[in-house]
Every structure is written in C-alpha cells, then in structure tokens.
Amino acid sequence: MAEPDELYTLRAQFWLGHYGLAMEEAKSVIRRPMSPALKIEREELSLRCQLGLGQNDKVIATAQSSAFPGIRALGLRAQFDSTDDAGKQSLLPQLQTMLGEGVTPSVQLTAAHVFLASGMKKEALQCVHEGMTMEHKCLALQIYLQIDRIDLAQQELTKMKRADEDSILSQLGGVYIALAKGSSVAKDAVHTLTQLSEQYGPSTFLLNLMACAYMCGEMYESASQQLEQIRTDFIVDADTLANMIVCSQHLGNPVGPLIQQLKTQYPSHFMVKGLEMVEGAFERESIKYKVAA
C-alpha cells in the first residue's frame, strides 16, 4: 500500500464522486506544507471537482490566467464540455498540440478523457497506455473494456494491484472488470461497492455503479432502490437517467418520460444519439410501407 500523503483524502473523495466534500477538503489542506508538485495537484483536483459539479465557467476563468499546462488542459476540457459538436471538434487540435515532448501526466489524462468523449479510443489509449500514474492505469483498463479486450484490462488491473492493492482505483478497476464479466461475479462488485459506500458515504457515482452491479446480477428491484436514492438525495445526472431507463424496461415500467428527460437535458448523450439514429432509420423504412389514403 502506498503511504498516504496530504492529498490522500482529497483524491479518495474525488475518485468516488464526492465533489462537494472534495472541494472542502482541498480548501482545508491549502495551508499545509507540501511539495510544489502536490500543490499543483491540489489545484488540478479542485478544478476537476468543479468540472464534476458542472462549474465549467469557473474552470475556464482559472485556466486563462494559469501558466501550468495541466490547468490549461482542464480549461480546454471545460470548454469542450460547454460547447456544441462543432466547437468540440475545433478544440481537439489544441489538446493534441499539448501532447508533445515533455508533456505532463495530468495533460495526458485530460486529453485522454476528451478524446474518449469524442469517440477517439485509439488516441485516448495512446495517452495513458504507459501507465505513468494509477489514474492512467485505471483509464487504460476502462478503454480496454470498451474495445472488448478484457484480457488486457485484467493485465492492467494486475499492474494496479501490484502498485497498490488497497487503492480505491484498484478496487474500482476490479468492479469494472466484474461488471464486464457478467452475472457470475456481480456479487463481488456489489460487495466492493458496499464497502466503499460504508467507508466514504454514498454518492451519485457509487449508487449508479451499484445499480449497474445489481442489474448485471439480474437484481432489478435492488438496482431500482439505488437509483431512487439518487433521485431522493442527489442530483439526477445523465448516467442515472440512462440506468433508470434500462432498469425500468426490465421491471416493465414506463420509460417514455425518462427518455424524454434524457433527450431534453442531455441531447449529446450516447444513448440519445443511438436512439435518434434508430428512430431515423425506422422513419425512413416506414415510408416504404405507407399506404396512400
């Protein structure tokens, strides 16, 4: 296990989606003596929490006056999250120019997240495949799962456990692989997530993962309970709506209002894009069979 440093709690809260608590932790440690590298990391984690809370304007404003590449990259990430599809494409070359010689791990990580959001899995993996940090390894693991290379994801998890078996990221990596493997190990994922939730408290992120684990194990009522807790205690985000739609379908509940809410609030979500593609294809095909009045 890696020795805890001044940012141990801050990282843990951020990784588990407790962005508000992480922001408070970042403020509480600001006066503690720490190395210049940790000070920069603290600032970057604070900005990433703001991204998680949707405070893109604050991140952009901070990045404009910063000389640190990692912070400027986060500013581009905030712009990416705030703009339309055409604007997103125009920002990609700026990130790519930051990936030259001497690039920092934080810039690589931010670029990988943006590339992944743009469907550029190869470019995202190129940023993190060397595994310079635990976050690099964990993101590489997730990309391997997206391209159906569970064998490579398992190898990445082995590296993570070798570096720090007790790390939250190692535990989350094990959950991601368990979900990819299917119902036979879904209970393992539920067990890990329950422990993390008991130790750090529930969050939208953890409850969504828990719901996915329950659905993977075909325990849809339990999954629905996790999603309802989000509706009651937290903000319903795009992932929550998507999981609610899937869970409701399995339970035989109406999904129309949920789909409409997802379309209205998150028009760029991959599920919305996929549904629009299918609906368009259906409309084009149905015209062939339209009977004249």
# chains A, B, ... in the order shown; residues from 1 in each chain; ligands from 1
>>> closest_atom_pairs(of="range 121-148 of chain A", to="range 166-189 of chain A", cutoff="12 Å", atoms="only C-alpha atoms", output="Markdown table")
| residue | atom | partner | partner_atom | distance |
| --- | --- | --- | --- | --- |
| A:Thr133 | CA | A:Leu169 | CA | 10.8 |
| A:Met134 | CA | A:Leu169 | CA | 7.1 |
| A:Glu135 | CA | A:Leu169 | CA | 7.2 |
| A:His136 | CA | A:Leu169 | CA | 10.2 |
| A:Lys137 | CA | A:Leu169 | CA | 8.9 |
| A:Cys138 | CA | A:Gly173 | CA | 6.2 |
| A:Leu139 | CA | A:Gly173 | CA | 8.9 |
| A:Ala140 | CA | A:Gly173 | CA | 10.0 |
| A:Leu141 | CA | A:Gly173 | CA | 7.1 |
| A:Gln142 | CA | A:Tyr176 | CA | 7.3 |
| A:Ile143 | CA | A:Tyr176 | CA | 10.8 |
| A:Tyr144 | CA | A:Ile177 | CA | 10.0 |
| A:Leu145 | CA | A:Ala180 | CA | 7.1 |
| A:Gln146 | CA | A:Ala180 | CA | 9.4 |
| A:Ile147 | CA | A:Ala180 | CA | 11.3 |
| A:Asp148 | CA | A:Ala180 | CA | 8.9 |
>>> write_last_selection(atoms="all heavy atoms", output="CSV table (one decimal), in the first residue's frame")
chain,number,residue,atom,x,y,z
A,133,THR,N,0.7,6.9,-14.1
A,133,THR,CA,0.0,7.1,-12.8
A,133,THR,C,-1.1,6.0,-12.6
A,133,THR,O,-1.5,5.3,-13.6
A,133,THR,CB,-0.6,8.4,-12.6
A,133,THR,OG1,-1.7,8.5,-13.5
A,133,THR,CG2,0.4,9.5,-13.0
A,134,MET,N,-1.6,5.9,-11.4
A,134,MET,CA,-2.7,5.0,-11.1
A,134,MET,C,-3.9,5.4,-11.9
A,134,MET,O,-4.7,4.5,-12.4
A,134,MET,CB,-3.0,4.9,-9.7
A,134,MET,CG,-2.0,4.2,-8.8
A,134,MET,SD,-2.0,2.4,-9.1
A,134,MET,CE,-3.4,1.8,-8.2
A,135,GLU,N,-4.1,6.7,-12.1
A,135,GLU,CA,-5.3,7.1,-12.9
A,135,GLU,C,-5.1,6.7,-14.4
A,135,GLU,O,-6.1,6.4,-15.1
A,135,GLU,CB,-5.5,8.6,-12.8
A,135,GLU,CG,-6.1,9.0,-11.5
A,135,GLU,CD,-6.7,10.4,-11.5
A,135,GLU,OE1,-5.9,11.4,-11.2
A,135,GLU,OE2,-7.8,10.6,-11.7
A,136,HIS,N,-3.9,6.8,-14.9
A,136,HIS,CA,-3.6,6.4,-16.2
A,136,HIS,C,-4.0,4.9,-16.4
A,136,HIS,O,-4.6,4.5,-17.3
A,136,HIS,CB,-2.1,6.6,-16.6
A,136,HIS,CG,-1.8,8.0,-16.9
A,136,HIS,ND1,-0.7,8.3,-17.7
A,136,HIS,CD2,-2.4,9.1,-16.6
A,136,HIS,CE1,-0.6,9.6,-17.8
A,136,HIS,NE2,-1.6,10.1,-17.2
A,137,LYS,N,-3.5,4.1,-15.4
A,137,LYS,CA,-3.8,2.6,-15.5
A,137,LYS,C,-5.3,2.4,-15.5
A,137,LYS,O,-5.8,1.5,-16.2
A,137,LYS,CB,-3.1,1.9,-14.3
A,137,LYS,CG,-1.5,1.9,-14.4
A,137,LYS,CD,-1.0,1.2,-13.2
A,137,LYS,CE,0.6,1.1,-13.3
A,137,LYS,NZ,1.2,2.4,-13.1
A,138,CYS,N,-6.0,3.0,-14.6
A,138,CYS,CA,-7.4,2.8,-14.4
A,138,CYS,C,-8.2,3.2,-15.7
A,138,CYS,O,-9.1,2.5,-16.1
A,138,CYS,CB,-7.9,3.6,-13.2
A,138,CYS,SG,-9.6,3.1,-12.7
A,139,LEU,N,-7.8,4.3,-16.3
A,139,LEU,CA,-8.5,4.7,-17.5
A,139,LEU,C,-8.1,3.8,-18.7
A,139,LEU,O,-9.0,3.4,-19.5
A,139,LEU,CB,-8.1,6.2,-17.9
A,139,LEU,CG,-8.8,6.8,-19.1
A,139,LEU,CD1,-10.3,6.7,-18.9
A,139,LEU,CD2,-8.4,8.2,-19.3
A,140,ALA,N,-6.9,3.3,-18.8
A,140,ALA,CA,-6.5,2.4,-19.8
A,140,ALA,C,-7.3,1.1,-19.6
A,140,ALA,O,-7.8,0.5,-20.6
A,140,ALA,CB,-5.0,2.0,-19.7
A,141,LEU,N,-7.5,0.7,-18.4
A,141,LEU,CA,-8.3,-0.5,-18.1
A,141,LEU,C,-9.8,-0.3,-18.7
A,141,LEU,O,-10.3,-1.2,-19.3
A,141,LEU,CB,-8.4,-0.8,-16.6
A,141,LEU,CG,-9.2,-1.9,-16.0
A,141,LEU,CD1,-8.6,-2.4,-14.7
A,141,LEU,CD2,-10.6,-1.6,-15.8
A,142,GLN,N,-10.3,0.8,-18.4
A,142,GLN,CA,-11.7,1.1,-18.9
A,142,GLN,C,-11.8,1.1,-20.4
A,142,GLN,O,-12.7,0.7,-21.0
A,142,GLN,CB,-12.2,2.4,-18.3
A,142,GLN,CG,-12.4,2.4,-16.8
A,142,GLN,CD,-12.7,3.8,-16.3
A,142,GLN,OE1,-13.8,4.3,-16.5
A,142,GLN,NE2,-11.8,4.4,-15.6
A,143,ILE,N,-10.7,1.7,-21.1
A,143,ILE,CA,-10.7,1.7,-22.5
A,143,ILE,C,-10.6,0.3,-23.1
A,143,ILE,O,-11.3,-0.1,-24.1
A,143,ILE,CB,-9.5,2.6,-23.0
A,143,ILE,CG1,-9.8,4.0,-22.6
A,143,ILE,CG2,-9.4,2.5,-24.6
A,143,ILE,CD1,-8.6,4.9,-22.9
A,144,TYR,N,-9.8,-0.6,-22.5
A,144,TYR,CA,-9.6,-2.0,-22.9
A,144,TYR,C,-11.0,-2.7,-22.8
A,144,TYR,O,-11.4,-3.4,-23.7
A,144,TYR,CB,-8.6,-2.7,-22.1
A,144,TYR,CG,-7.2,-2.3,-22.4
A,144,TYR,CD1,-6.3,-2.1,-21.3
A,144,TYR,CD2,-6.7,-2.2,-23.7
A,144,TYR,CE1,-5.0,-1.7,-21.6
A,144,TYR,CE2,-5.4,-1.8,-24.0
A,144,TYR,CZ,-4.5,-1.6,-22.9
A,144,TYR,OH,-3.2,-1.3,-23.2
A,145,LEU,N,-11.8,-2.4,-21.8
A,145,LEU,CA,-13.1,-3.0,-21.7
A,145,LEU,C,-14.0,-2.5,-22.8
A,145,LEU,O,-14.8,-3.2,-23.3
A,145,LEU,CB,-13.7,-2.7,-20.3
A,145,LEU,CG,-13.0,-3.3,-19.1
A,145,LEU,CD1,-13.7,-2.9,-17.8
A,145,LEU,CD2,-13.1,-4.9,-19.2
A,146,GLN,N,-13.9,-1.2,-23.1
A,146,GLN,CA,-14.7,-0.6,-24.2
A,146,GLN,C,-14.4,-1.3,-25.6
A,146,GLN,O,-15.3,-1.3,-26.4
A,146,GLN,CB,-14.5,0.9,-24.3
A,146,GLN,CG,-15.2,1.6,-23.1
A,146,GLN,CD,-15.2,3.1,-23.4
A,146,GLN,OE1,-15.2,3.6,-24.5
A,146,GLN,NE2,-15.2,3.9,-22.3
A,147,ILE,N,-13.2,-1.7,-25.8
A,147,ILE,CA,-12.9,-2.4,-27.1
A,147,ILE,C,-12.9,-3.9,-26.9
A,147,ILE,O,-12.3,-4.6,-27.8
A,147,ILE,CB,-11.5,-1.9,-27.6
A,147,ILE,CG1,-10.4,-2.2,-26.6
A,147,ILE,CG2,-11.6,-0.4,-27.9
A,147,ILE,CD1,-9.0,-1.8,-27.1
A,148,ASP,N,-13.5,-4.4,-25.9
A,148,ASP,CA,-13.7,-5.8,-25.7
A,148,ASP,C,-12.4,-6.6,-25.6
A,148,ASP,O,-12.3,-7.7,-26.0
A,148,ASP,CB,-14.5,-6.4,-26.8
A,148,ASP,CG,-15.9,-5.8,-26.9
A,148,ASP,OD1,-16.5,-5.6,-25.8
A,148,ASP,OD2,-16.5,-5.6,-28.0
>>> select_by_dssp(residues="range 165-249 of chain A", states="helix (DSSP H, G or I)", output="VMD selection string")
chain A and resid 168 to 181 183 to 200 204 to 216 220 to 233 238 to 249
>>> residues_around(residues="Ser224 in chain A", least_positions_apart="2", cutoff="10 Å", atoms="only C-alpha atoms", output="list in words")
Asn208, Ala211, Cys212, Tyr214, Met215, Met219, Tyr220, Glu221, Ser222, Gln226, Leu227, Glu228, Gln229, Ile230, Asn243, Met244, Val246, Cys247, Ser248 and Leu251 of chain A
>>> residues_around(residues="Glu123 in chain A", least_positions_apart="2", cutoff="12 Å", atoms="only C-alpha atoms", output="PyMOL selection string")
chain A and resi 92+95-96+99+108-109+111-121+125-129+140+143
>>> closest_residue(among="A:Leu45, A:Ile150, A:Val107, A:Met34", to="Ala12 in chain A", atoms="only C-alpha atoms")
A:Leu45
>>> atom_distance(atom1="CA of Arg149 in chain A", atom2="CA of Leu16 in chain A")
24.8 Å
>>> residues_around(residues="Ala78 in chain A", least_positions_apart="5", cutoff="10 Å", atoms="only C-alpha atoms", output="list in words")
Leu47, Arg48, Gln50, Leu51, Gly54, Gln55, Asn56, Asp57, Lys58, Val59, Ile60, Ala61, Ala63, Arg72, Ala73, Thr83 and Val114 of chain A
>>> closest_residue(among="A:Gln265, A:Gly256, A:Ala124, A:Gln225", to="Ala238 in chain A", atoms="only C-alpha atoms")
A:Gln265
>>> closest_residue(among="A:Gly70, A:Pro105, A:Pro33, A:Gly20", to="Asp5 in chain A", atoms="only C-alpha atoms")
A:Pro33
>>> residues_around(residues="Ile245 in chain A", least_positions_apart="6", cutoff="9 Å", atoms="only C-alpha atoms", output="compact mmCIF listing (two decimals) with N, CA, C and O atoms, in the first residue's frame")
# COMPACT_ATOMS: atom_id res chain seq x y z
N ASN A 253 -41.73 -1.18 -16.34
CA ASN A 253 -42.28 0.14 -16.03
C ASN A 253 -42.17 1.07 -17.23
O ASN A 253 -41.30 0.88 -18.09
N PRO A 254 -43.03 2.09 -17.33
CA PRO A 254 -42.97 3.02 -18.46
C PRO A 254 -41.64 3.79 -18.50
O PRO A 254 -41.12 4.18 -17.45
N VAL A 255 -41.11 3.97 -19.68
CA VAL A 255 -39.82 4.65 -19.83
C VAL A 255 -39.93 5.94 -20.65
O VAL A 255 -38.95 6.69 -20.74
N GLY A 256 -41.09 6.20 -21.23
CA GLY A 256 -41.26 7.37 -22.09
C GLY A 256 -40.82 8.67 -21.44
O GLY A 256 -40.02 9.43 -22.02
N LEU A 258 -38.82 9.20 -18.95
CA LEU A 258 -37.38 9.19 -18.67
C LEU A 258 -36.58 9.45 -19.95
O LEU A 258 -35.59 10.19 -19.95
N ILE A 259 -37.01 8.83 -21.05
CA ILE A 259 -36.32 9.03 -22.33
C ILE A 259 -36.43 10.49 -22.75
O ILE A 259 -35.46 11.10 -23.21
>>> atom_distance(atom1="CA of Ile235 in chain A", atom2="CA of Gly75 in chain A")
23.9 Å
>>> residues_around(residues="Phe68 in chain A", least_positions_apart="4", cutoff="12 Å", atoms="only C-alpha atoms", output="compact mmCIF listing (two decimals) with N, CA and C atoms, in the first residue's frame")
# COMPACT_ATOMS: atom_id res chain seq x y z
N PRO A 36 5.82 21.41 -4.14
CA PRO A 36 5.21 22.13 -5.27
C PRO A 36 4.35 21.22 -6.14
N ALA A 37 4.79 19.97 -6.34
CA ALA A 37 4.02 19.04 -7.17
C ALA A 37 2.65 18.77 -6.55
N LYS A 39 1.04 20.76 -4.51
CA LYS A 39 0.26 21.99 -4.59
C LYS A 39 -0.44 22.10 -5.94
N ILE A 40 0.29 21.77 -7.00
CA ILE A 40 -0.31 21.82 -8.34
C ILE A 40 -1.39 20.76 -8.46
N GLU A 41 -1.14 19.57 -7.93
CA GLU A 41 -2.13 18.50 -7.99
C GLU A 41 -3.39 18.90 -7.22
N GLU A 43 -4.56 21.91 -6.82
CA GLU A 43 -5.28 22.86 -7.65
C GLU A 43 -6.00 22.15 -8.80
N GLU A 44 -5.32 21.20 -9.40
CA GLU A 44 -5.95 20.46 -10.51
C GLU A 44 -7.14 19.64 -10.03
N THR A 62 -10.19 30.26 -14.40
CA THR A 62 -8.94 29.95 -13.70
C THR A 62 -7.84 29.57 -14.68
N ALA A 63 -8.18 28.78 -15.68
CA ALA A 63 -7.19 28.28 -16.64
C ALA A 63 -6.59 29.41 -17.48
N GLN A 64 -7.40 30.42 -17.77
CA GLN A 64 -6.93 31.51 -18.63
C GLN A 64 -5.76 32.27 -18.03
N ARG A 72 -4.24 24.47 -17.80
CA ARG A 72 -4.71 24.96 -19.10
C ARG A 72 -5.45 23.86 -19.87
N ALA A 73 -4.99 22.61 -19.72
CA ALA A 73 -5.68 21.50 -20.36
C ALA A 73 -7.08 21.32 -19.77
N LEU A 74 -7.20 21.50 -18.46
CA LEU A 74 -8.52 21.40 -17.84
C LEU A 74 -9.44 22.51 -18.32
N GLY A 75 -8.86 23.68 -18.61
CA GLY A 75 -9.65 24.76 -19.20
C GLY A 75 -10.23 24.37 -20.55
N MET A 98 -0.63 19.95 -27.23
CA MET A 98 -0.07 19.94 -25.88
C MET A 98 0.56 18.59 -25.53
N VAL A 103 5.42 16.39 -22.10
CA VAL A 103 4.03 16.50 -21.64
C VAL A 103 3.89 15.92 -20.24
N THR A 104 3.05 16.55 -19.42
CA THR A 104 2.85 16.08 -18.05
C THR A 104 1.76 15.00 -18.01
N SER A 106 -0.78 14.80 -16.13
CA SER A 106 -2.13 15.36 -15.98
C SER A 106 -2.69 15.84 -17.32
N VAL A 107 -1.83 16.38 -18.18
CA VAL A 107 -2.28 16.77 -19.52
C VAL A 107 -2.69 15.53 -20.31
>>> closest_residue(among="A:Tyr8, A:Gln261, A:Ser46, A:Gln154", to="Thr240 in chain A", atoms="only C-alpha atoms")
A:Gln261
>>> decode(residues="range 134-214 of chain A", atoms="C-alpha atoms", output="PDB file, in the first residue's frame")
ATOM      1  CA  MET A 134      -2.684   4.962 -11.146  1.00  0.00           C
ATOM      2  CA  GLU A 135      -5.287   7.106 -12.907  1.00  0.00           C
ATOM      3  CA  HIS A 136      -3.599   6.366 -16.231  1.00  0.00           C
ATOM      4  CA  LYS A 137      -3.754   2.643 -15.495  1.00  0.00           C
ATOM      5  CA  CYS A 138      -7.397   2.791 -14.436  1.00  0.00           C
ATOM      6  CA  LEU A 139      -8.459   4.726 -17.540  1.00  0.00           C
ATOM      7  CA  ALA A 140      -6.492   2.355 -19.786  1.00  0.00           C
ATOM      8  CA  LEU A 141      -8.339  -0.528 -18.107  1.00  0.00           C
ATOM      9  CA  GLN A 142     -11.683   1.103 -18.913  1.00  0.00           C
ATOM     10  CA  ILE A 143     -10.695   1.692 -22.531  1.00  0.00           C
ATOM     11  CA  TYR A 144      -9.647  -1.950 -22.925  1.00  0.00           C
ATOM     12  CA  LEU A 145     -13.095  -2.967 -21.676  1.00  0.00           C
ATOM     13  CA  GLN A 146     -14.720  -0.637 -24.200  1.00  0.00           C
ATOM     14  CA  ILE A 147     -12.867  -2.352 -27.053  1.00  0.00           C
ATOM     15  CA  ASP A 148     -13.711  -5.823 -25.688  1.00  0.00           C
ATOM     16  CA  ARG A 149     -10.175  -6.674 -24.581  1.00  0.00           C
ATOM     17  CA  ILE A 150     -10.952  -7.938 -21.106  1.00  0.00           C
ATOM     18  CA  ASP A 151      -7.648  -9.834 -21.148  1.00  0.00           C
ATOM     19  CA  LEU A 152      -5.693  -6.577 -21.421  1.00  0.00           C
ATOM     20  CA  ALA A 153      -7.931  -4.946 -18.827  1.00  0.00           C
ATOM     21  CA  GLN A 154      -7.145  -7.812 -16.457  1.00  0.00           C
ATOM     22  CA  GLN A 155      -3.429  -7.315 -17.073  1.00  0.00           C
ATOM     23  CA  GLU A 156      -3.831  -3.617 -16.252  1.00  0.00           C
ATOM     24  CA  LEU A 157      -5.644  -4.479 -13.025  1.00  0.00           C
ATOM     25  CA  THR A 158      -2.781  -6.792 -12.074  1.00  0.00           C
ATOM     26  CA  LYS A 159      -0.357  -3.886 -12.525  1.00  0.00           C
ATOM     27  CA  MET A 160      -2.573  -1.646 -10.408  1.00  0.00           C
ATOM     28  CA  LYS A 161      -2.784  -4.178  -7.593  1.00  0.00           C
ATOM     29  CA  ARG A 162       0.968  -4.695  -7.750  1.00  0.00           C
ATOM     30  CA  ALA A 163       1.441  -0.940  -7.323  1.00  0.00           C
ATOM     31  CA  ASP A 164      -1.219  -0.531  -4.595  1.00  0.00           C
ATOM     32  CA  GLU A 165      -3.741  -3.295  -3.989  1.00  0.00           C
ATOM     33  CA  ASP A 166      -5.708  -1.245  -1.458  1.00  0.00           C
ATOM     34  CA  SER A 167      -6.045   1.811  -3.680  1.00  0.00           C
ATOM     35  CA  ILE A 168      -9.593   2.961  -4.402  1.00  0.00           C
ATOM     36  CA  LEU A 169      -8.732   2.921  -8.100  1.00  0.00           C
ATOM     37  CA  SER A 170      -7.626  -0.720  -7.856  1.00  0.00           C
ATOM     38  CA  GLN A 171     -10.922  -1.557  -6.182  1.00  0.00           C
ATOM     39  CA  LEU A 172     -12.900   0.329  -8.828  1.00  0.00           C
ATOM     40  CA  GLY A 173     -10.896  -1.389 -11.566  1.00  0.00           C
ATOM     41  CA  GLY A 174     -11.906  -4.745 -10.097  1.00  0.00           C
ATOM     42  CA  VAL A 175     -15.548  -3.614 -10.141  1.00  0.00           C
ATOM     43  CA  TYR A 176     -15.356  -2.580 -13.806  1.00  0.00           C
ATOM     44  CA  ILE A 177     -13.936  -5.954 -14.792  1.00  0.00           C
ATOM     45  CA  ALA A 178     -16.506  -7.819 -12.692  1.00  0.00           C
ATOM     46  CA  LEU A 179     -19.315  -5.968 -14.486  1.00  0.00           C
ATOM     47  CA  ALA A 180     -17.743  -6.819 -17.849  1.00  0.00           C
ATOM     48  CA  LYS A 181     -17.541 -10.499 -16.941  1.00  0.00           C
ATOM     49  CA  GLY A 182     -21.264 -10.691 -16.168  1.00  0.00           C
ATOM     50  CA  SER A 183     -23.641 -12.063 -13.576  1.00  0.00           C
ATOM     51  CA  SER A 184     -21.276 -14.736 -12.229  1.00  0.00           C
ATOM     52  CA  VAL A 185     -19.170 -12.140 -10.393  1.00  0.00           C
ATOM     53  CA  ALA A 186     -21.738  -9.367  -9.970  1.00  0.00           C
ATOM     54  CA  LYS A 187     -21.946 -10.062  -6.238  1.00  0.00           C
ATOM     55  CA  ASP A 188     -18.215  -9.372  -5.910  1.00  0.00           C
ATOM     56  CA  ALA A 189     -18.784  -5.933  -7.411  1.00  0.00           C
ATOM     57  CA  VAL A 190     -21.716  -5.281  -5.075  1.00  0.00           C
ATOM     58  CA  HIS A 191     -19.574  -6.293  -2.079  1.00  0.00           C
ATOM     59  CA  THR A 192     -16.733  -3.944  -3.022  1.00  0.00           C
ATOM     60  CA  LEU A 193     -19.073  -1.026  -3.700  1.00  0.00           C
ATOM     61  CA  THR A 194     -20.941  -1.599  -0.442  1.00  0.00           C
ATOM     62  CA  GLN A 195     -17.676  -1.416   1.480  1.00  0.00           C
ATOM     63  CA  LEU A 196     -16.644   1.805  -0.293  1.00  0.00           C
ATOM     64  CA  SER A 197     -20.065   3.339   0.331  1.00  0.00           C
ATOM     65  CA  GLU A 198     -19.967   2.413   4.024  1.00  0.00           C
ATOM     66  CA  GLN A 199     -16.469   3.845   4.403  1.00  0.00           C
ATOM     67  CA  TYR A 200     -16.859   7.070   2.405  1.00  0.00           C
ATOM     68  CA  GLY A 201     -20.617   7.507   2.102  1.00  0.00           C
ATOM     69  CA  PRO A 202     -22.869   7.104  -0.952  1.00  0.00           C
ATOM     70  CA  SER A 203     -22.583   9.355  -3.995  1.00  0.00           C
ATOM     71  CA  THR A 204     -24.294   9.559  -7.361  1.00  0.00           C
ATOM     72  CA  PHE A 205     -21.295   7.796  -8.889  1.00  0.00           C
ATOM     73  CA  LEU A 206     -21.232   4.955  -6.353  1.00  0.00           C
ATOM     74  CA  LEU A 207     -25.004   4.438  -6.402  1.00  0.00           C
ATOM     75  CA  ASN A 208     -25.007   4.282 -10.211  1.00  0.00           C
ATOM     76  CA  LEU A 209     -22.217   1.719 -10.146  1.00  0.00           C
ATOM     77  CA  MET A 210     -24.120  -0.236  -7.513  1.00  0.00           C
ATOM     78  CA  ALA A 211     -27.233  -0.157  -9.697  1.00  0.00           C
ATOM     79  CA  CYS A 212     -25.199  -1.471 -12.650  1.00  0.00           C
ATOM     80  CA  ALA A 213     -23.830  -4.274 -10.470  1.00  0.00           C
ATOM     81  CA  TYR A 214     -27.312  -5.270  -9.328  1.00  0.00           C
TER      82      TYR A 214
END
